[in-house]
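One file, target-v7.pdb, carrying PDB, C-alpha atoms:
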ATOM      1  CA  MET A1386     -68.795 -26.502  45.852
ATOM      2  CA  LYS A1387     -66.344 -23.809  44.871
ATOM      3  CA  ALA A1388     -62.966 -25.082  43.760
ATOM      4  CA  THR A1389     -59.867 -23.390  42.455
ATOM      5  CA  VAL A1390     -57.167 -24.968  40.327
ATOM      6  CA  LEU A1391     -53.730 -23.441  40.148
ATOM      7  CA  VAL A1392     -51.775 -24.633  37.098
ATOM      8  CA  ARG A1393     -48.058 -23.914  37.018
ATOM      9  CA  PRO A1394     -45.236 -24.590  34.577
ATOM     10  CA  LYS A1395     -43.344 -27.522  36.111
ATOM     11  CA  THR A1396     -40.141 -26.806  37.962
ATOM     12  CA  GLY A1397     -37.207 -26.812  35.583
ATOM     13  CA  ILE A1398     -39.362 -26.106  32.503
ATOM     14  CA  LEU A1399     -38.326 -22.937  30.735
ATOM     15  CA  ASP A1400     -41.082 -20.332  31.125
ATOM     16  CA  PRO A1401     -40.574 -17.547  28.567
ATOM     17  CA  GLN A1402     -43.605 -15.645  29.865
ATOM     18  CA  GLY A1403     -42.188 -15.689  33.397
ATOM     19  CA  SER A1404     -38.816 -14.475  32.111
ATOM     20  CA  ALA A1405     -40.467 -11.629  30.194
ATOM     21  CA  VAL A1406     -42.501 -10.588  33.244
ATOM     22  CA  GLU A1407     -39.406 -10.760  35.418
ATOM     23  CA  GLY A1408     -37.436  -8.610  32.979
ATOM     24  CA  SER A1409     -40.175  -5.981  32.974
ATOM     25  CA  LEU A1410     -40.418  -5.964  36.754
ATOM     26  CA  ARG A1411     -36.661  -5.467  37.024
ATOM     27  CA  GLN A1412     -36.885  -2.592  34.543
ATOM     28  CA  LEU A1413     -39.420  -1.030  36.886
ATOM     29  CA  GLY A1414     -36.804  -1.309  39.613
ATOM     30  CA  PHE A1415     -38.226  -4.241  41.563
ATOM     31  CA  PRO A1416     -35.602  -6.636  42.948
ATOM     32  CA  VAL A1417     -37.240  -9.891  41.784
ATOM     33  CA  GLY A1418     -36.176 -13.185  40.269
ATOM     34  CA  GLY A1419     -37.724 -16.556  39.545
ATOM     35  CA  ALA A1420     -40.967 -15.222  38.056
ATOM     36  CA  ARG A1421     -43.232 -17.971  36.724
ATOM     37  CA  VAL A1422     -46.583 -17.431  35.032
ATOM     38  CA  GLY A1423     -49.359 -19.969  35.536
ATOM     39  CA  ARG A1424     -53.110 -20.037  35.297
ATOM     40  CA  VAL A1425     -56.022 -19.982  37.754
ATOM     41  CA  ILE A1426     -59.281 -21.790  37.011
ATOM     42  CA  ASP A1427     -62.277 -21.175  39.306
ATOM     43  CA  LEU A1428     -65.066 -23.723  39.248
ATOM     44  CA  ASP A1429     -68.476 -24.355  40.764
ATOM     45  CA  VAL A1430     -68.552 -28.136  41.033
ATOM     46  CA  GLU A1431     -72.063 -29.514  41.237
ATOM     47  CA  VAL A1432     -71.575 -32.243  43.818
ATOM     48  CA  GLY A1433     -72.584 -32.660  47.453
ATOM     49  CA  SER A1434     -69.294 -32.850  49.334
ATOM     50  CA  ALA A1435     -65.820 -31.389  49.330
ATOM     51  CA  ASP A1436     -64.325 -34.869  48.870
ATOM     52  CA  GLU A1437     -66.388 -35.495  45.752
ATOM     53  CA  ALA A1438     -65.463 -32.057  44.446
ATOM     54  CA  ARG A1439     -61.783 -32.708  44.993
ATOM     55  CA  SER A1440     -61.813 -36.048  43.230
ATOM     56  CA  ALA A1441     -63.818 -34.623  40.313
ATOM     57  CA  VAL A1442     -61.406 -31.696  39.923
ATOM     58  CA  GLU A1443     -58.486 -34.118  40.131
ATOM     59  CA  ARG A1444     -59.909 -35.967  37.119
ATOM     60  CA  MET A1445     -60.512 -32.659  35.305
ATOM     61  CA  CYS A1446     -56.856 -31.774  35.752
ATOM     62  CA  GLU A1447     -55.692 -35.142  34.469
ATOM     63  CA  GLN A1448     -57.976 -35.067  31.451
ATOM     64  CA  LEU A1449     -57.935 -31.417  30.392
ATOM     65  CA  LEU A1450     -56.903 -28.608  32.694
ATOM     66  CA  ALA A1451     -53.183 -29.414  32.881
ATOM     67  CA  ASN A1452     -50.777 -31.122  30.511
ATOM     68  CA  PRO A1453     -48.687 -33.395  32.744
ATOM     69  CA  LEU A1454     -45.643 -33.116  30.466
ATOM     70  CA  ILE A1455     -45.173 -29.449  31.282
ATOM     71  CA  GLU A1456     -47.555 -28.430  34.048
ATOM     72  CA  SER A1457     -48.200 -29.203  37.699
ATOM     73  CA  TYR A1458     -51.393 -28.283  39.493
ATOM     74  CA  GLU A1459     -52.809 -27.633  42.929
ATOM     75  CA  ILE A1460     -56.463 -27.935  43.878
ATOM     76  CA  ALA A1461     -58.199 -25.957  46.601
ATOM     77  CA  VAL A1462     -61.803 -26.778  47.562
ATOM     78  CA  GLU A1463     -63.796 -24.377  49.699
ATOM     79  CA  GLY A1464     -64.516 -25.772  53.143
ATOM     80  CA  SER A1465     -62.025 -28.628  53.015
TER      81      SER A1465
ATOM     82  CA  MET B1280     -53.223 -46.787 -11.964
ATOM     83  CA  SER B1281     -51.968 -43.368 -10.966
ATOM     84  CA  GLU B1282     -55.382 -41.975 -11.908
ATOM     85  CA  VAL B1283     -56.772 -43.375  -8.644
ATOM     86  CA  ARG B1284     -57.573 -40.330  -6.530
ATOM     87  CA  PRO B1285     -57.509 -41.352  -2.860
ATOM     88  CA  ARG B1286     -60.091 -39.721  -0.633
ATOM     89  CA  ILE B1287     -58.448 -37.414   1.877
ATOM     90  CA  GLY B1288     -60.569 -35.578   4.439
ATOM     91  CA  VAL B1289     -59.464 -32.255   5.893
ATOM     92  CA  VAL B1290     -61.140 -31.566   9.241
ATOM     93  CA  THR B1291     -62.394 -28.008   9.705
ATOM     94  CA  PHE B1292     -62.544 -26.986  13.366
ATOM     95  CA  PRO B1293     -63.963 -23.655  14.499
ATOM     96  CA  GLY B1294     -60.889 -21.465  14.067
ATOM     97  CA  SER B1295     -59.141 -23.566  11.419
ATOM     98  CA  ASN B1296     -57.842 -21.292   8.682
ATOM     99  CA  ASP B1297     -55.640 -23.446   6.469
ATOM    100  CA  ASP B1298     -58.283 -26.047   5.711
ATOM    101  CA  ARG B1299     -59.127 -24.647   2.276
ATOM    102  CA  ASP B1300     -55.475 -24.352   1.298
ATOM    103  CA  ALA B1301     -54.949 -27.964   2.362
ATOM    104  CA  VAL B1302     -57.944 -29.138   0.312
ATOM    105  CA  TRP B1303     -56.712 -27.118  -2.668
ATOM    106  CA  ALA B1304     -53.143 -28.414  -2.438
ATOM    107  CA  LEU B1305     -54.175 -32.048  -1.980
ATOM    108  CA  ALA B1306     -56.564 -31.824  -4.934
ATOM    109  CA  ALA B1307     -53.888 -30.177  -7.093
ATOM    110  CA  LEU B1308     -51.550 -33.055  -6.264
ATOM    111  CA  GLY B1309     -54.027 -35.754  -7.221
ATOM    112  CA  ALA B1310     -56.229 -36.472  -4.210
ATOM    113  CA  ASP B1311     -59.988 -36.438  -4.002
ATOM    114  CA  ALA B1312     -59.840 -33.952  -1.129
ATOM    115  CA  LYS B1313     -62.866 -32.894   0.851
ATOM    116  CA  ALA B1314     -63.560 -30.787   3.909
ATOM    117  CA  VAL B1315     -64.988 -32.609   6.929
ATOM    118  CA  TRP B1316     -66.885 -30.547   9.504
ATOM    119  CA  HIS B1317     -65.634 -31.062  13.073
ATOM    120  CA  ALA B1318     -69.133 -31.740  14.429
ATOM    121  CA  GLU B1319     -69.575 -34.840  12.289
ATOM    122  CA  GLU B1320     -69.754 -37.865  14.563
ATOM    123  CA  SER B1321     -68.518 -40.282  11.927
ATOM    124  CA  LEU B1322     -66.064 -39.745   9.124
ATOM    125  CA  PRO B1323     -67.039 -40.422   5.537
ATOM    126  CA  ARG B1324     -65.068 -43.282   3.966
ATOM    127  CA  LEU B1325     -61.549 -41.870   3.763
ATOM    128  CA  ASP B1326     -58.101 -43.109   2.828
ATOM    129  CA  ALA B1327     -56.322 -40.444   4.901
ATOM    130  CA  VAL B1328     -57.101 -37.523   7.195
ATOM    131  CA  VAL B1329     -55.402 -34.135   7.431
ATOM    132  CA  LEU B1330     -55.801 -31.881  10.467
ATOM    133  CA  PRO B1331     -55.095 -28.387   9.161
ATOM    134  CA  GLY B1332     -53.490 -25.297  10.620
ATOM    135  CA  GLY B1333     -55.281 -22.499  12.381
ATOM    136  CA  PHE B1334     -56.376 -21.592  15.868
ATOM    137  CA  SER B1335     -59.035 -24.142  16.719
ATOM    138  CA  TYR B1336     -61.238 -22.986  19.592
ATOM    139  CA  GLY B1337     -59.122 -19.858  19.877
ATOM    140  CA  ASP B1338     -56.204 -21.883  21.273
ATOM    141  CA  TYR B1339     -58.000 -21.555  24.630
ATOM    142  CA  LEU B1340     -56.338 -23.277  27.596
ATOM    143  CA  ARG B1341     -53.514 -24.715  25.459
ATOM    144  CA  ALA B1342     -53.220 -24.899  21.679
ATOM    145  CA  GLY B1343     -55.121 -27.967  20.496
ATOM    146  CA  ALA B1344     -56.421 -28.853  23.962
ATOM    147  CA  ILE B1345     -60.104 -28.244  23.224
ATOM    148  CA  ALA B1346     -60.224 -29.437  19.617
ATOM    149  CA  ARG B1347     -59.371 -32.945  20.644
ATOM    150  CA  PHE B1348     -62.830 -33.236  22.235
ATOM    151  CA  SER B1349     -64.716 -32.387  19.057
ATOM    152  CA  PRO B1350     -66.832 -35.270  17.700
ATOM    153  CA  ALA B1351     -64.733 -35.680  14.557
ATOM    154  CA  MET B1352     -61.595 -36.191  16.657
ATOM    155  CA  ARG B1353     -63.072 -39.290  18.279
ATOM    156  CA  SER B1354     -63.463 -40.759  14.799
ATOM    157  CA  VAL B1355     -59.964 -39.599  13.828
ATOM    158  CA  ALA B1356     -58.529 -41.342  16.913
ATOM    159  CA  GLU B1357     -60.345 -44.562  15.966
ATOM    160  CA  PHE B1358     -59.202 -44.185  12.359
ATOM    161  CA  ALA B1359     -55.596 -43.777  13.568
ATOM    162  CA  ALA B1360     -55.884 -46.735  15.960
ATOM    163  CA  GLU B1361     -56.921 -48.904  12.993
ATOM    164  CA  GLY B1362     -53.798 -47.833  11.134
ATOM    165  CA  GLY B1363     -55.354 -44.991   9.116
ATOM    166  CA  LEU B1364     -53.034 -42.279   7.797
ATOM    167  CA  VAL B1365     -53.285 -38.985   9.686
ATOM    168  CA  LEU B1366     -51.229 -35.851   9.046
ATOM    169  CA  GLY B1367     -51.435 -32.884  11.417
ATOM    170  CA  ILE B1368     -50.119 -29.546  10.215
ATOM    171  CA  CYS B1369     -49.296 -26.810  12.749
ATOM    172  CA  ASN B1370     -52.496 -26.570  14.821
ATOM    173  CA  GLY B1371     -53.239 -30.115  13.649
ATOM    174  CA  PHE B1372     -49.885 -31.199  15.139
ATOM    175  CA  GLN B1373     -50.847 -29.499  18.409
ATOM    176  CA  VAL B1374     -54.188 -31.323  18.425
ATOM    177  CA  LEU B1375     -52.517 -34.701  17.792
ATOM    178  CA  CYS B1376     -50.071 -34.135  20.670
ATOM    179  CA  GLU B1377     -52.852 -33.066  23.046
ATOM    180  CA  ALA B1378     -54.875 -36.105  21.981
ATOM    181  CA  GLY B1379     -51.943 -38.365  22.845
ATOM    182  CA  LEU B1380     -51.627 -39.626  19.261
ATOM    183  CA  LEU B1381     -48.131 -38.141  18.991
ATOM    184  CA  PRO B1382     -45.485 -37.719  21.693
ATOM    185  CA  GLY B1383     -44.661 -34.354  23.242
ATOM    186  CA  VAL B1384     -46.433 -31.036  23.397
ATOM    187  CA  LEU B1385     -46.257 -27.703  21.525
ATOM    188  CA  ARG B1386     -45.477 -24.760  23.781
ATOM    189  CA  PRO B1387     -45.341 -21.014  23.136
ATOM    190  CA  ASN B1388     -42.326 -20.017  21.039
ATOM    191  CA  ARG B1389     -39.294 -19.343  23.179
ATOM    192  CA  SER B1390     -39.164 -15.800  21.753
ATOM    193  CA  LEU B1391     -42.858 -15.271  22.626
ATOM    194  CA  SER B1392     -43.137 -13.804  19.115
ATOM    195  CA  PHE B1393     -45.284 -15.121  16.316
ATOM    196  CA  VAL B1394     -42.983 -16.304  13.512
ATOM    197  CA  CYS B1395     -43.985 -16.283   9.871
ATOM    198  CA  ARG B1396     -41.220 -17.117   7.415
ATOM    199  CA  ASP B1397     -39.694 -19.819   5.253
ATOM    200  CA  VAL B1398     -37.533 -22.280   7.163
ATOM    201  CA  ARG B1399     -35.239 -25.029   6.002
ATOM    202  CA  VAL B1400     -35.894 -28.443   7.505
ATOM    203  CA  THR B1401     -33.874 -31.625   7.117
ATOM    204  CA  VAL B1402     -35.593 -34.910   6.327
ATOM    205  CA  GLU B1403     -34.437 -37.456   8.897
ATOM    206  CA  ARG B1404     -36.542 -40.371   7.705
ATOM    207  CA  THR B1405     -37.825 -41.281   4.274
ATOM    208  CA  ASP B1406     -39.415 -44.607   5.234
ATOM    209  CA  THR B1407     -42.652 -42.976   6.394
ATOM    210  CA  PRO B1408     -45.883 -42.534   4.406
ATOM    211  CA  PHE B1409     -45.284 -38.780   4.638
ATOM    212  CA  THR B1410     -41.728 -38.517   3.333
ATOM    213  CA  SER B1411     -41.314 -41.328   0.813
ATOM    214  CA  ARG B1412     -40.776 -38.829  -2.018
ATOM    215  CA  CYS B1413     -37.832 -37.225  -0.201
ATOM    216  CA  HIS B1414     -34.290 -38.499  -0.044
ATOM    217  CA  PRO B1415     -32.431 -38.967   3.241
ATOM    218  CA  GLY B1416     -30.927 -35.733   4.521
ATOM    219  CA  GLN B1417     -32.776 -33.650   1.941
ATOM    220  CA  GLU B1418     -33.359 -30.038   2.912
ATOM    221  CA  LEU B1419     -36.852 -28.705   2.307
ATOM    222  CA  THR B1420     -37.862 -25.056   2.380
ATOM    223  CA  ILE B1421     -41.360 -24.747   3.833
ATOM    224  CA  PRO B1422     -42.940 -21.779   5.624
ATOM    225  CA  VAL B1423     -43.886 -21.742   9.299
ATOM    226  CA  LYS B1424     -46.389 -19.363  10.869
ATOM    227  CA  HIS B1425     -47.087 -20.001  14.512
ATOM    228  CA  GLY B1426     -46.947 -18.643  18.019
ATOM    229  CA  ASP B1427     -47.033 -22.018  19.790
ATOM    230  CA  GLY B1428     -44.603 -24.167  17.831
ATOM    231  CA  CYS B1429     -41.990 -25.052  20.397
ATOM    232  CA  TRP B1430     -42.128 -28.841  20.485
ATOM    233  CA  PHE B1431     -41.125 -30.098  23.896
ATOM    234  CA  ALA B1432     -40.648 -33.448  25.577
ATOM    235  CA  PRO B1433     -39.108 -34.038  29.009
ATOM    236  CA  ALA B1434     -35.674 -35.707  28.938
ATOM    237  CA  ASP B1435     -36.976 -39.267  29.406
ATOM    238  CA  LEU B1436     -39.606 -38.932  26.679
ATOM    239  CA  LEU B1437     -37.130 -37.213  24.345
ATOM    240  CA  ALA B1438     -34.729 -40.134  24.801
ATOM    241  CA  GLU B1439     -37.528 -42.534  23.806
ATOM    242  CA  VAL B1440     -38.481 -40.420  20.802
ATOM    243  CA  GLU B1441     -34.879 -40.261  19.603
ATOM    244  CA  GLY B1442     -34.251 -43.927  20.448
ATOM    245  CA  ASP B1443     -37.276 -45.009  18.427
ATOM    246  CA  ASP B1444     -36.309 -42.679  15.589
ATOM    247  CA  LEU B1445     -39.600 -40.785  15.629
ATOM    248  CA  VAL B1446     -38.176 -37.435  14.500
ATOM    249  CA  VAL B1447     -38.969 -37.087  10.799
ATOM    250  CA  LEU B1448     -38.101 -33.420  10.258
ATOM    251  CA  ARG B1449     -35.605 -31.209  12.074
ATOM    252  CA  TYR B1450     -34.937 -27.528  11.551
ATOM    253  CA  ALA B1451     -31.653 -27.095   9.687
ATOM    254  CA  GLU B1452     -28.750 -25.530  11.556
ATOM    255  CA  GLY B1453     -29.505 -21.970  12.609
ATOM    256  CA  GLU B1454     -33.121 -22.234  11.443
ATOM    257  CA  ASN B1455     -35.056 -23.254  14.569
ATOM    258  CA  PRO B1456     -37.821 -20.605  14.680
ATOM    259  CA  ASN B1457     -39.359 -21.511  18.034
ATOM    260  CA  GLY B1458     -36.786 -23.094  20.358
ATOM    261  CA  SER B1459     -38.079 -26.660  20.039
ATOM    262  CA  VAL B1460     -35.964 -29.253  21.832
ATOM    263  CA  ALA B1461     -33.525 -31.122  19.581
ATOM    264  CA  HIS B1462     -34.665 -28.786  16.769
ATOM    265  CA  VAL B1463     -37.688 -31.011  16.182
ATOM    266  CA  ALA B1464     -40.003 -29.802  13.400
ATOM    267  CA  GLY B1465     -42.015 -32.973  12.841
ATOM    268  CA  VAL B1466     -42.534 -36.370  14.502
ATOM    269  CA  VAL B1467     -44.220 -39.599  13.557
ATOM    270  CA  SER B1468     -46.041 -42.102  15.751
ATOM    271  CA  ARG B1469     -44.359 -45.351  16.736
ATOM    272  CA  GLU B1470     -46.701 -47.241  14.391
ATOM    273  CA  GLY B1471     -45.713 -44.836  11.625
ATOM    274  CA  ASN B1472     -49.212 -43.881  10.427
ATOM    275  CA  VAL B1473     -49.618 -40.539  12.239
ATOM    276  CA  MET B1474     -47.371 -37.542  11.674
ATOM    277  CA  GLY B1475     -47.365 -33.945  12.829
ATOM    278  CA  LEU B1476     -45.244 -31.021  11.683
ATOM    279  CA  MET B1477     -45.138 -27.302  12.356
ATOM    280  CA  PRO B1478     -44.179 -26.129   8.821
ATOM    281  CA  HIS B1479     -47.016 -25.783   6.306
ATOM    282  CA  PRO B1480     -46.495 -28.037   3.276
ATOM    283  CA  GLU B1481     -49.818 -26.866   1.808
ATOM    284  CA  HIS B1482     -48.331 -23.369   1.448
ATOM    285  CA  ALA B1483     -45.352 -24.645  -0.519
ATOM    286  CA  VAL B1484     -46.714 -26.631  -3.430
ATOM    287  CA  ASP B1485     -45.766 -24.298  -6.242
ATOM    288  CA  PRO B1486     -42.444 -22.576  -6.945
ATOM    289  CA  LEU B1487     -44.466 -19.474  -7.811
ATOM    290  CA  LEU B1488     -45.271 -19.223  -4.097
ATOM    291  CA  GLY B1489     -41.611 -19.447  -3.110
ATOM    292  CA  SER B1490     -41.140 -23.181  -2.820
ATOM    293  CA  GLY B1491     -42.616 -26.408  -4.097
ATOM    294  CA  ASP B1492     -41.000 -28.545  -1.394
ATOM    295  CA  GLY B1493     -44.200 -28.994   0.603
ATOM    296  CA  ALA B1494     -45.594 -30.931  -2.328
ATOM    297  CA  LEU B1495     -43.107 -33.712  -1.553
ATOM    298  CA  VAL B1496     -44.746 -34.262   1.847
ATOM    299  CA  LEU B1497     -48.337 -34.083   0.582
ATOM    300  CA  ALA B1498     -47.606 -36.169  -2.518
ATOM    301  CA  SER B1499     -45.967 -38.813  -0.304
ATOM    302  CA  LEU B1500     -49.171 -38.951   1.736
ATOM    303  CA  ILE B1501     -51.263 -39.204  -1.429
ATOM    304  CA  ASP B1502     -49.014 -42.027  -2.740
ATOM    305  CA  ALA B1503     -49.438 -43.934   0.526
ATOM    306  CA  ALA B1504     -53.193 -43.364   0.566
ATOM    307  CA  ARG B1505     -53.431 -44.486  -3.072
ATOM    308  CA  ASP B1506     -51.427 -47.652  -2.282
ATOM    309  CA  ARG B1507     -53.991 -48.470   0.384
ATOM    310  CA  VAL B1508     -56.844 -48.018  -2.064
ATOM    311  CA  LEU B1509     -55.157 -50.334  -4.550
ATOM    312  CA  GLN B1510     -54.363 -52.928  -1.889
ATOM    313  CA  THR B1511     -57.960 -53.130  -0.749
ATOM    314  CA  ALA B1512     -59.432 -52.911  -4.252
TER     315      ALA B1512
END

So that I can check it, write out the structure of this file as C-alpha cells.
Amino acid sequence: MKATVLVRPKTGILDPQGSAVEGSLRQLGFPVGGARVGRVIDLDVEVGSADEARSAVERMCEQLLANPLIESYEIAVEGS
Amino acid sequence: MSEVRPRIGVVTFPGSNDDRDAVWALAALGADAKAVWHAEESLPRLDAVVLPGGFSYGDYLRAGAIARFSPAMRSVAEFAAEGGLVLGICNGFQVLCEAGLLPGVLRPNRSLSFVCRDVRVTVERTDTPFTSRCHPGQELTIPVKHGDGCWFAPADLLAEVEGDDLVVLRYAEGENPNGSVAHVAGVVSREGNVMGLMPHPEHAVDPLLGSGDGALVLASLIDAARDRVLQTA
C-alpha cells in the first residue's frame, strides 16, 4: 500500500524556513504571503488493506515522523 | 574521599563529535570517564551518563529524533527512570527532548544560521546535581555551536516548565543565540536527575581555551555522581 505523510509546522508556530522562502519569492516579484515549509514522506506499507495502512502510518506519525509539540500531519493512503 | 573517581559513560552515536572532548574534560575534572558505543544493548556499571554534542544520524528527520532509538538509549532511559544522572549537551539535549526525558523540543535557530560563539548564561537553579558548584544568579561564559538550538515549548507546556522551576540556565540579556522561548538554555527534569543544555561545558574547562566556567557544570555532575558512589559503598 502506498501512503504519503505530509508533515507541517503547526499553525501559529514560527517557521523561519517559510519566512525565508517567502522573502525570496517576494524578491523574485511574486505576490505571496504565508509560506510554510513542511516535509513529505512517501511509504510502501506492507499490509493488506488501506485501513491497516492508515492505522500503521498513524502510529508511525505519533512515534517518529512528527513531533506533536510543533508539527501536524496528514496521511493519504492510495485507494482509500 | 575525594579520590573516588565516579564512572561516567559518554555515549558515542554515529555522528557524535564532542564525545572525546567530553571524556577528556570529565577525566581532567576527576571522573573515570569512558566512551560507550551506541550499539551496546546494556550499559556498563555507571554512576552517570553524558550524551555528547554532534549530529547523530545526520540530524535526519529532526535533530535527535533517530538517536533515541539506538540500543544504548533504551538503557539510558531505564537508567534515568531509576534515578540515574544523565546530562545531555547540545545534540544530547535534542536527543533527551525527542526521547521525552526532558520537556520541549529543539528547533532550527530562528536566524537559520549556525551559531558558534561564547555566550553568557545565567544560573537559575543551584539545587540540581548539575549546578551545585554555581551560586544563584551566577553568569557563566560557555560556547555554543549549533544550528538547531531554539528550545521551544507551547504556551501550556512552557507555563508548566516555569511553574515547576525546570529552567536551570537562561541566556543572559541580549545573548540568546537561537531565539529560544523565555531565553531557555538548559532545563532539568521534574525529578531533577536529567538535564540538557545547548552550551558546551566540555569546551570551557580551562581558561586557556577562553573560559573555565563549563567546569563548574561538569564538576557538579562529578560531585553528585561521587556522592552516589559513597552512599552505596

For the structure shown, which residues end up in the ChimeraX specification (/A :<9) & /B? Put them as a list in words, please?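 Output of the ChimeraX specification (/A :<9) & /B: Leu1340, Arg1341, Ala1344, Ile1345, Glu1377, Gly1383, Val1384, Arg1386, Pro1387, Asn1388, Arg1389, Ser1390, Leu1391, Phe1431, Ala1432 and Pro1433 of chain B.
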
Export, as a tab-separated table (two decimals), keeping the file's coordinate frame, the selected residues with C-alpha atoms.
chain	number	residue	atom	x	y	z
B	1340	LEU	CA	-56.34	-23.28	27.60
B	1341	ARG	CA	-53.51	-24.72	25.46
B	1344	ALA	CA	-56.42	-28.85	23.96
B	1345	ILE	CA	-60.10	-28.24	23.22
B	1377	GLU	CA	-52.85	-33.07	23.05
B	1383	GLY	CA	-44.66	-34.35	23.24
B	1384	VAL	CA	-46.43	-31.04	23.40
B	1386	ARG	CA	-45.48	-24.76	23.78
B	1387	PRO	CA	-45.34	-21.01	23.14
B	1388	ASN	CA	-42.33	-20.02	21.04
B	1389	ARG	CA	-39.29	-19.34	23.18
B	1390	SER	CA	-39.16	-15.80	21.75
B	1391	LEU	CA	-42.86	-15.27	22.63
B	1431	PHE	CA	-41.12	-30.10	23.90
B	1432	ALA	CA	-40.65	-33.45	25.58
B	1433	PRO	CA	-39.11	-34.04	29.01

What does the distance between CA of Gln1373 in chain B and CA of Tyr1450 in chain B come to in Å, to one decimal place? 17.4 Å

Output of the PyMOL selection byres ((chain A and resi 1428) around 10), listed as number ranges by chain: A: 1386-1390, 1425-1427, 1429-1431, 1438, 1442, 1462

Written as a PyMOL selection string, what is the full residue list that the PyMOL selection byres ((chain B and resi 1352) around 10) yields on the file shown? chain B and resi 1290+1292+1317-1322+1330+1346-1351+1353-1358+1374-1375+1378

Would you mind listing what lies within 10 Å of Val1440 in chain B as a PyMOL selection string, with all atoms listed in the file counted and same-chain residues fewer than 3 positions away left out? chain B and resi 1382-1383+1432+1434-1437+1443-1446+1466-1469

If we count only C-alpha atoms and set the cut-off at 8 Å, which residues sit around Val1328 in chain B, ignoring sequence neighbours fewer than 5 positions away in its own chain? Please answer as a list in words. Ile1287, Gly1288, Val1289, Val1290, Val1355, Gly1363, Leu1364, Val1365 and Leu1366 of chain B

I'd like the interatomic distance between CA of Val1398 in chain B and CA of Ile1421 in chain B, to a tenth of an Å. 5.6 Å

Find the residues near Arg1393 in chain A: any atom within 8 Å, counting only C-alpha atoms, skip ones fewer than 6 places away on the same chain, and give them as a list in words.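 Within the cut-off, the hits are Arg1421, Val1422, Gly1423, Arg1424, Glu1456, Ser1457 and Tyr1458 of chain A.
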
Between CA of Thr1291 in chain B and CA of Ala1304 in chain B, what distance in Å does the model show, to one decimal? 15.3 Å

Exercise: range 1481-1486 of chain B partners within 9 Å, all atoms listed in the file, chain neighbours under 3 positions left out, as an mmCIF file with C-alpha atoms, keeping the file's coordinate frame:
data_model
loop_
_atom_site.group_PDB
_atom_site.id
_atom_site.type_symbol
_atom_site.label_atom_id
_atom_site.label_comp_id
_atom_site.auth_asym_id
_atom_site.auth_seq_id
_atom_site.Cartn_x
_atom_site.Cartn_y
_atom_site.Cartn_z
ATOM 1 C CA ASP B 1297 -55.640 -23.446 6.469
ATOM 2 C CA ASP B 1300 -55.475 -24.352 1.298
ATOM 3 C CA ALA B 1301 -54.949 -27.964 2.362
ATOM 4 C CA VAL B 1302 -57.944 -29.138 0.312
ATOM 5 C CA TRP B 1303 -56.712 -27.118 -2.668
ATOM 6 C CA ALA B 1304 -53.143 -28.414 -2.438
ATOM 7 C CA LEU B 1305 -54.175 -32.048 -1.980
ATOM 8 C CA ALA B 1307 -53.888 -30.177 -7.093
ATOM 9 C CA LEU B 1308 -51.550 -33.055 -6.264
ATOM 10 C CA ILE B 1368 -50.119 -29.546 10.215
ATOM 11 C CA THR B 1420 -37.862 -25.056 2.380
ATOM 12 C CA ILE B 1421 -41.360 -24.747 3.833
ATOM 13 C CA PRO B 1422 -42.940 -21.779 5.624
ATOM 14 C CA PRO B 1478 -44.179 -26.129 8.821
ATOM 15 C CA GLY B 1489 -41.611 -19.447 -3.110
ATOM 16 C CA SER B 1490 -41.140 -23.181 -2.820
ATOM 17 C CA GLY B 1491 -42.616 -26.408 -4.097
ATOM 18 C CA ASP B 1492 -41.000 -28.545 -1.394
ATOM 19 C CA GLY B 1493 -44.200 -28.994 0.603
ATOM 20 C CA ALA B 1494 -45.594 -30.931 -2.328
ATOM 21 C CA LEU B 1495 -43.107 -33.712 -1.553
ATOM 22 C CA VAL B 1496 -44.746 -34.262 1.847
ATOM 23 C CA LEU B 1497 -48.337 -34.083 0.582
#

Write out as a PyMOL selection string which residues come within 10 Å of Asn1370 in chain B when counting all atoms listed in the file, dropping same-chain ones fewer than 3 positions away. chain B and resi 1294-1297+1330-1335+1338+1342-1343+1346+1367+1373-1376+1385+1425+1427-1428+1475-1477

Using only C-alpha atoms for the distances, tell me which of A:Ala1435, A:Ala1420, A:Ser1465, A:Ile1460 is nearest to Gly1403 in chain A.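 That would be A:Ala1420, the residue with the smallest distance to Gly1403 in chain A.
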
Expected axis-aligned box over every listed atom of range 1417-1425 of chain A, 3 Å added per side, centre plus edges in Å to one decimal, as AutoDock Vina command-line options:
--center_x -46.1 --center_y -15.0 --center_z 38.4 --size_x 25.8 --size_y 16.1 --size_z 12.8

Restrict the output to range 1432-1456 of chain A and C-alpha atoms, then write it as a JSON list (two decimals), in the first residue's frame.
[["chain", "number", "residue", "atom", "x", "y", "z"],
["A", 1432, "VAL", "CA", -0.04, -4.63, 4.84],
["A", 1433, "GLY", "CA", -3.12, -5.98, 3.07],
["A", 1434, "SER", "CA", -5.65, -3.16, 3.29],
["A", 1435, "ALA", "CA", -5.88, 0.60, 3.16],
["A", 1436, "ASP", "CA", -7.36, 0.67, 6.67],
["A", 1437, "GLU", "CA", -4.42, -1.25, 8.10],
["A", 1438, "ALA", "CA", -2.03, 1.02, 6.23],
["A", 1439, "ARG", "CA", -3.70, 4.11, 7.60],
["A", 1440, "SER", "CA", -3.62, 2.92, 11.19],
["A", 1441, "ALA", "CA", 0.03, 1.83, 10.87],
["A", 1442, "VAL", "CA", 1.03, 5.21, 9.41],
["A", 1443, "GLU", "CA", -0.93, 6.94, 12.16],
["A", 1444, "ARG", "CA", 1.23, 5.13, 14.73],
["A", 1445, "MET", "CA", 4.39, 5.98, 12.75],
["A", 1446, "CYS", "CA", 3.48, 9.66, 12.92],
["A", 1447, "GLU", "CA", 2.83, 9.51, 16.65],
["A", 1448, "GLN", "CA", 6.05, 7.66, 17.40],
["A", 1449, "LEU", "CA", 8.54, 9.18, 14.96],
["A", 1450, "LEU", "CA", 7.51, 11.05, 11.85],
["A", 1451, "ALA", "CA", 6.07, 14.15, 13.54],
["A", 1452, "ASN", "CA", 6.78, 15.87, 16.84],
["A", 1453, "PRO", "CA", 3.34, 16.75, 18.22],
["A", 1454, "LEU", "CA", 4.68, 19.82, 20.04],
["A", 1455, "ILE", "CA", 5.45, 21.61, 16.80],
["A", 1456, "GLU", "CA", 4.09, 19.62, 13.87]]
